Amino acid sequence: MKPEFETLLGSIALFADHTPEELREMLALVRPCAIAPGTTLFTQGDEADGMYLLERGRVRVSARLLGDENVELAVLGAGAVLGELALVDSGARSASARALEPTTALFLSRRHFDLLRADFRPAAYKTMRHLIRELCGRLRALNREIASASPGADPGRIPSWVRDPSTLPGRPLSSATLDRAVLAAIPFFGQFTPAEYEEFVTPL
């Protein structure tokens with residue numbers, strides 16, 4: 001694998017705290033790809049089979065809204081991550097992506113990432129932690145947007161249920177007090193192995 005690919009991975013926030021060895025472990029799973037202008041990387045509704053790390057070029061991301069209107073969501077360039085939620089959820093793509101110019105990227109398939117996670121590799125868990133933080137950040141931003149659009153709402157006020165637990169009254173629960181059976185009943189954790197439960201509830 002080219003040295004510049006390792007530099008690319010190291011520059012992306014998703015892999016910011018990976019060691020050089022862990023970056024090489026991730027690089028062993030990716031597939032370089034060259035994408036011609038006008039090529040569709042994926043279409044809204046497709047199965048989410050992996051994510052792209054853009055090395056160079058530009059990709060237009062769009063989505064169909066009510067009335068089949070196609071709206072541009074973003075134009076992504078070098079260093080951007082595209083379709084990363086595929087590593088968390090194998091559901092359908094929520095948007096479409098098309099190359100606007102000659103583009104090169106690294107593709108990490110969900111299947112290969114799942115193999116790394118199943119082998120309890122630290123690189124996989126660090127990646128998952130970053131994705132979870134990113135998802136939480138997006139959820140908080142969405143909650144703020146919804147709250148600001150509500151009549152009489154205070155845009156600066158965030159509902160208590162989206163705050164950091166450390167800011168709420170009382171003391172955080174230790175991992176020993178968590179009921180694993182209750183945790184396993186939540187759909188999000190349904191496919192976690194016992195070792196993955198421990199990894200999740202162990203304080204960072």
# chains A, B, ... in the order shown; residues from 1 in each chain; ligands from 1
call {"tool": "select_by_dssp", "arguments": {"residues": "range 16-153 of chain A", "states": "helix (DSSP H, G or I)", "output": "PyMOL selection string"}}
result
chain A and resi 20-27+66-68+84-87+110-118+122-149
call {"tool": "residues_around", "arguments": {"residues": "range 94-98 of chain A", "least_positions_apart": "4", "cutoff": "6 Å", "atoms": "only C-alpha atoms", "output": "PyMOL selection string"}}
result
chain A and resi 39-44+59-63
call {"tool": "write_last_selection", "arguments": {"atoms": "N, CA, C and O atoms", "output": "mmCIF file, in the first residue's frame"}}
result
data_model
loop_
_atom_site.group_PDB
_atom_site.id
_atom_site.type_symbol
_atom_site.label_atom_id
_atom_site.label_comp_id
_atom_site.auth_asym_id
_atom_site.auth_seq_id
_atom_site.Cartn_x
_atom_site.Cartn_y
_atom_site.Cartn_z
ATOM 1 N N THR A 39 -19.521 9.258 -12.635
ATOM 2 C CA THR A 39 -19.788 7.925 -12.087
ATOM 3 C C THR A 39 -20.548 8.032 -10.761
ATOM 4 O O THR A 39 -20.206 8.843 -9.898
ATOM 5 N N THR A 40 -21.563 7.212 -10.610
ATOM 6 C CA THR A 40 -22.321 7.161 -9.361
ATOM 7 C C THR A 40 -21.663 6.169 -8.407
ATOM 8 O O THR A 40 -21.513 4.993 -8.731
ATOM 9 N N LEU A 41 -21.255 6.651 -7.236
ATOM 10 C CA LEU A 41 -20.649 5.769 -6.242
ATOM 11 C C LEU A 41 -21.721 4.908 -5.592
ATOM 12 O O LEU A 41 -21.515 3.719 -5.362
ATOM 13 N N PHE A 42 -22.843 5.525 -5.246
ATOM 14 C CA PHE A 42 -23.991 4.773 -4.734
ATOM 15 C C PHE A 42 -25.234 5.641 -4.880
ATOM 16 O O PHE A 42 -25.149 6.863 -5.073
ATOM 17 N N THR A 43 -26.381 4.985 -4.812
ATOM 18 C CA THR A 43 -27.664 5.657 -4.990
ATOM 19 C C THR A 43 -28.498 5.529 -3.723
ATOM 20 O O THR A 43 -28.436 4.496 -3.036
ATOM 21 N N GLN A 44 -29.242 6.548 -3.414
ATOM 22 C CA GLN A 44 -30.140 6.531 -2.267
ATOM 23 C C GLN A 44 -31.038 5.296 -2.331
ATOM 24 O O GLN A 44 -31.648 5.017 -3.349
ATOM 25 N N VAL A 59 -16.901 15.008 -5.017
ATOM 26 C CA VAL A 59 -18.086 14.152 -5.095
ATOM 27 C C VAL A 59 -19.304 14.944 -4.632
ATOM 28 O O VAL A 59 -19.268 15.578 -3.569
ATOM 29 N N ARG A 60 -20.366 14.905 -5.424
ATOM 30 C CA ARG A 60 -21.618 15.584 -5.068
ATOM 31 C C ARG A 60 -22.531 14.605 -4.333
ATOM 32 O O ARG A 60 -22.770 13.493 -4.804
ATOM 33 N N VAL A 61 -23.036 15.023 -3.168
ATOM 34 C CA VAL A 61 -23.960 14.211 -2.382
ATOM 35 C C VAL A 61 -25.333 14.858 -2.470
ATOM 36 O O VAL A 61 -25.484 16.059 -2.204
ATOM 37 N N SER A 62 -26.346 14.087 -2.820
ATOM 38 C CA SER A 62 -27.700 14.620 -2.960
ATOM 39 C C SER A 62 -28.708 13.608 -2.434
ATOM 40 O O SER A 62 -28.388 12.430 -2.237
ATOM 41 N N ALA A 63 -29.943 14.083 -2.220
ATOM 42 C CA ALA A 63 -30.996 13.205 -1.712
ATOM 43 C C ALA A 63 -32.340 13.620 -2.297
ATOM 44 O O ALA A 63 -32.582 14.800 -2.578
#
call {"tool": "atom_distance", "arguments": {"atom1": "CA of Ala92 in chain A", "atom2": "CA of Gly45 in chain A"}}
result
4.8 Å
call {"tool": "closest_atom_pairs", "arguments": {"of": "range 20-57 of chain A", "to": "range 4-7 of chain A", "cutoff": "10 Å", "atoms": "only C-alpha atoms", "output": "JSON lines"}}
result
{"residue": "A:Pro20", "atom": "CA", "partner": "A:Glu6", "partner_atom": "CA", "distance": 8.3}
{"residue": "A:Leu23", "atom": "CA", "partner": "A:Glu6", "partner_atom": "CA", "distance": 6.7}
{"residue": "A:Arg24", "atom": "CA", "partner": "A:Glu6", "partner_atom": "CA", "distance": 6.9}
{"residue": "A:Met26", "atom": "CA", "partner": "A:Glu6", "partner_atom": "CA", "distance": 9.2}
{"residue": "A:Leu27", "atom": "CA", "partner": "A:Glu6", "partner_atom": "CA", "distance": 7.0}
{"residue": "A:Val30", "atom": "CA", "partner": "A:Phe5", "partner_atom": "CA", "distance": 9.8}
{"residue": "A:Pro32", "atom": "CA", "partner": "A:Phe5", "partner_atom": "CA", "distance": 9.1}
{"residue": "A:Leu53", "atom": "CA", "partner": "A:Phe5", "partner_atom": "CA", "distance": 9.8}
{"residue": "A:Glu55", "atom": "CA", "partner": "A:Phe5", "partner_atom": "CA", "distance": 8.1}
call {"tool": "closest_residue", "arguments": {"among": "A:Ala123, A:Asn143, A:Gly38, A:Cys33", "to": "Leu106 in chain A", "atoms": "only C-alpha atoms"}}
result
A:Cys33
call {"tool": "residues_around", "arguments": {"residues": "Asp114 in chain A", "least_positions_apart": "4", "cutoff": "9 Å", "atoms": "only C-alpha atoms", "output": "list of chain:residue names"}}
result
A:Leu87, A:Ser109, A:Arg110, A:Ala118, A:Asp119, A:Ala124
call {"tool": "write_last_selection", "arguments": {"atoms": "all heavy atoms", "output": "short mmCIF file (atom, residue, chain, number, x, y, z; two decimals), in the first residue's frame"}}
result
data_model
loop_
_atom_site.label_atom_id
_atom_site.label_comp_id
_atom_site.auth_asym_id
_atom_site.auth_seq_id
_atom_site.Cartn_x
_atom_site.Cartn_y
_atom_site.Cartn_z
N LEU A 87 -20.61 1.46 8.39
CA LEU A 87 -19.86 0.64 9.35
C LEU A 87 -20.67 0.39 10.62
O LEU A 87 -20.35 -0.49 11.40
CB LEU A 87 -18.53 1.29 9.71
CG LEU A 87 -17.57 1.57 8.55
CD1 LEU A 87 -16.24 2.06 9.09
CD2 LEU A 87 -17.38 0.33 7.68
N SER A 109 -14.94 -1.83 3.03
CA SER A 109 -16.22 -2.53 3.02
C SER A 109 -16.67 -2.84 4.45
O SER A 109 -15.85 -3.07 5.34
CB SER A 109 -16.13 -3.82 2.22
OG SER A 109 -15.44 -4.82 2.94
N ARG A 110 -17.97 -2.84 4.64
CA ARG A 110 -18.53 -3.20 5.94
C ARG A 110 -18.15 -4.63 6.31
O ARG A 110 -17.85 -4.93 7.47
CB ARG A 110 -20.06 -3.04 5.91
CG ARG A 110 -20.73 -3.51 7.20
CD ARG A 110 -22.25 -3.38 7.14
NE ARG A 110 -22.85 -4.07 8.26
CZ ARG A 110 -23.01 -3.55 9.47
NH1 ARG A 110 -22.61 -2.32 9.70
NH2 ARG A 110 -23.57 -4.24 10.44
N ALA A 118 -14.93 -8.45 14.76
CA ALA A 118 -15.17 -9.77 15.33
C ALA A 118 -13.90 -10.36 15.94
O ALA A 118 -13.96 -11.21 16.83
CB ALA A 118 -15.71 -10.71 14.27
N ASP A 119 -12.74 -9.87 15.46
CA ASP A 119 -11.46 -10.35 15.98
C ASP A 119 -10.99 -9.50 17.18
O ASP A 119 -9.86 -9.67 17.64
CB ASP A 119 -10.40 -10.31 14.87
CG ASP A 119 -9.20 -11.18 15.17
OD1 ASP A 119 -9.38 -12.23 15.85
OD2 ASP A 119 -8.08 -10.83 14.76
N ALA A 124 -10.60 -1.43 15.28
CA ALA A 124 -12.04 -1.43 14.97
C ALA A 124 -12.82 -0.70 16.06
O ALA A 124 -13.74 0.08 15.77
CB ALA A 124 -12.54 -2.86 14.83
#
call {"tool": "residues_around", "arguments": {"residues": "Glu199 in chain A", "least_positions_apart": "4", "cutoff": "12 Å", "atoms": "only C-alpha atoms", "output": "list in words"}}
result
Arg117, Phe120, Arg121, Pro122, Ala124, Tyr125, Lys126, Met128, Arg129, Ser175, Phe192, Thr193, Pro194, Ala195, Pro203 and Leu204 of chain A
call {"tool": "write_last_selection", "arguments": {"atoms": "N, CA, C and O atoms", "output": "PDB file, in the first residue's frame"}}
result
ATOM      1  N   ARG A 117     -13.674  -6.254  13.575  1.00  0.00           N
ATOM      2  CA  ARG A 117     -14.381  -6.068  14.849  1.00  0.00           C
ATOM      3  C   ARG A 117     -14.595  -7.408  15.547  1.00  0.00           C
ATOM      4  O   ARG A 117     -14.453  -7.521  16.765  1.00  0.00           O
ATOM      5  N   PHE A 120     -11.885  -8.584  17.652  1.00  0.00           N
ATOM      6  CA  PHE A 120     -11.612  -7.745  18.824  1.00  0.00           C
ATOM      7  C   PHE A 120     -10.360  -6.889  18.658  1.00  0.00           C
ATOM      8  O   PHE A 120      -9.608  -6.682  19.600  1.00  0.00           O
ATOM      9  N   ARG A 121     -10.153  -6.380  17.438  1.00  0.00           N
ATOM     10  CA  ARG A 121      -8.982  -5.546  17.193  1.00  0.00           C
ATOM     11  C   ARG A 121      -9.225  -4.125  17.693  1.00  0.00           C
ATOM     12  O   ARG A 121     -10.274  -3.526  17.452  1.00  0.00           O
ATOM     13  N   PRO A 122      -8.269  -3.534  18.425  1.00  0.00           N
ATOM     14  CA  PRO A 122      -8.431  -2.170  18.942  1.00  0.00           C
ATOM     15  C   PRO A 122      -8.740  -1.150  17.850  1.00  0.00           C
ATOM     16  O   PRO A 122      -9.487  -0.203  18.084  1.00  0.00           O
ATOM     17  N   ALA A 124     -10.602  -1.425  15.279  1.00  0.00           N
ATOM     18  CA  ALA A 124     -12.036  -1.429  14.974  1.00  0.00           C
ATOM     19  C   ALA A 124     -12.816  -0.701  16.060  1.00  0.00           C
ATOM     20  O   ALA A 124     -13.736   0.080  15.767  1.00  0.00           O
ATOM     21  N   TYR A 125     -12.474  -0.923  17.329  1.00  0.00           N
ATOM     22  CA  TYR A 125     -13.207  -0.300  18.424  1.00  0.00           C
ATOM     23  C   TYR A 125     -12.955   1.203  18.486  1.00  0.00           C
ATOM     24  O   TYR A 125     -13.854   1.977  18.800  1.00  0.00           O
ATOM     25  N   LYS A 126     -11.728   1.632  18.186  1.00  0.00           N
ATOM     26  CA  LYS A 126     -11.450   3.065  18.146  1.00  0.00           C
ATOM     27  C   LYS A 126     -12.262   3.734  17.044  1.00  0.00           C
ATOM     28  O   LYS A 126     -12.795   4.838  17.224  1.00  0.00           O
ATOM     29  N   MET A 128     -15.147   2.667  15.843  1.00  0.00           N
ATOM     30  CA  MET A 128     -16.537   2.676  16.273  1.00  0.00           C
ATOM     31  C   MET A 128     -16.796   3.797  17.281  1.00  0.00           C
ATOM     32  O   MET A 128     -17.829   4.468  17.238  1.00  0.00           O
ATOM     33  N   ARG A 129     -15.862   4.015  18.198  1.00  0.00           N
ATOM     34  CA  ARG A 129     -16.039   5.073  19.192  1.00  0.00           C
ATOM     35  C   ARG A 129     -16.141   6.441  18.520  1.00  0.00           C
ATOM     36  O   ARG A 129     -16.963   7.272  18.893  1.00  0.00           O
ATOM     37  N   SER A 175     -19.920   0.402  35.670  1.00  0.00           N
ATOM     38  CA  SER A 175     -20.257  -0.674  34.745  1.00  0.00           C
ATOM     39  C   SER A 175     -20.810  -1.887  35.483  1.00  0.00           C
ATOM     40  O   SER A 175     -21.604  -2.647  34.943  1.00  0.00           O
ATOM     41  N   PHE A 192     -24.334  -7.357  19.644  1.00  0.00           N
ATOM     42  CA  PHE A 192     -23.074  -7.272  20.372  1.00  0.00           C
ATOM     43  C   PHE A 192     -22.758  -8.615  21.036  1.00  0.00           C
ATOM     44  O   PHE A 192     -23.639  -9.287  21.552  1.00  0.00           O
ATOM     45  N   THR A 193     -21.493  -8.991  21.033  1.00  0.00           N
ATOM     46  CA  THR A 193     -21.047 -10.162  21.773  1.00  0.00           C
ATOM     47  C   THR A 193     -20.816  -9.751  23.224  1.00  0.00           C
ATOM     48  O   THR A 193     -20.723  -8.551  23.527  1.00  0.00           O
ATOM     49  N   PRO A 194     -20.709 -10.718  24.167  1.00  0.00           N
ATOM     50  CA  PRO A 194     -20.417 -10.351  25.559  1.00  0.00           C
ATOM     51  C   PRO A 194     -19.179  -9.479  25.696  1.00  0.00           C
ATOM     52  O   PRO A 194     -19.169  -8.524  26.486  1.00  0.00           O
ATOM     53  N   ALA A 195     -18.135  -9.785  24.909  1.00  0.00           N
ATOM     54  CA  ALA A 195     -16.910  -8.985  24.993  1.00  0.00           C
ATOM     55  C   ALA A 195     -17.148  -7.558  24.523  1.00  0.00           C
ATOM     56  O   ALA A 195     -16.574  -6.605  25.056  1.00  0.00           O
ATOM     57  N   PRO A 203     -15.497   2.399  31.186  1.00  0.00           N
ATOM     58  CA  PRO A 203     -15.187   3.822  31.050  1.00  0.00           C
ATOM     59  C   PRO A 203     -13.915   4.034  30.253  1.00  0.00           C
ATOM     60  O   PRO A 203     -12.960   3.280  30.368  1.00  0.00           O
ATOM     61  N   LEU A 204     -13.915   5.094  29.417  1.00  0.00           N
ATOM     62  CA  LEU A 204     -12.739   5.408  28.602  1.00  0.00           C
ATOM     63  C   LEU A 204     -11.665   6.056  29.463  1.00  0.00           C
ATOM     64  O   LEU A 204     -11.960   6.743  30.411  1.00  0.00           O
TER      65      LEU A 204
END
call {"tool": "residues_around", "arguments": {"residues": "Leu82 in chain A", "least_positions_apart": "3", "cutoff": "8 Å", "atoms": "only C-alpha atoms", "output": "NGL selection string"}}
result
:A and (51-54)
call {"tool": "closest_residue", "arguments": {"among": "A:Glu134, A:Ala78, A:Phe107, A:Leu115", "to": "Ser11 in chain A", "atoms": "only C-alpha atoms"}}
result
A:Ala78
call {"tool": "residues_around", "arguments": {"residues": "Ala34 in chain A", "least_positions_apart": "2", "cutoff": "8 Å", "atoms": "only C-alpha atoms", "output": "NGL selection string"}}
result
:A and (32 or 36 or 102-105)
call {"tool": "write_last_selection", "arguments": {"atoms": "N, CA and C atoms", "output": "short mmCIF file (atom, residue, chain, number, x, y, z; two decimals), in the first residue's frame"}}
result
data_model
loop_
_atom_site.label_atom_id
_atom_site.label_comp_id
_atom_site.auth_asym_id
_atom_site.auth_seq_id
_atom_site.Cartn_x
_atom_site.Cartn_y
_atom_site.Cartn_z
N PRO A 32 -8.10 0.62 -3.05
CA PRO A 32 -8.02 1.88 -3.81
C PRO A 32 -8.94 1.81 -5.03
N ALA A 36 -14.30 7.76 -12.45
CA ALA A 36 -14.40 8.70 -13.56
C ALA A 36 -15.49 9.74 -13.30
N PRO A 102 -12.42 13.65 -12.05
CA PRO A 102 -11.64 12.44 -11.76
C PRO A 102 -11.31 12.37 -10.27
N THR A 103 -11.68 11.26 -9.67
CA THR A 103 -11.58 11.12 -8.21
C THR A 103 -10.91 9.81 -7.84
N THR A 104 -10.04 9.85 -6.84
CA THR A 104 -9.46 8.63 -6.30
C THR A 104 -9.86 8.52 -4.84
N ALA A 105 -10.06 7.30 -4.39
CA ALA A 105 -10.56 7.08 -3.02
C ALA A 105 -10.12 5.72 -2.52
#
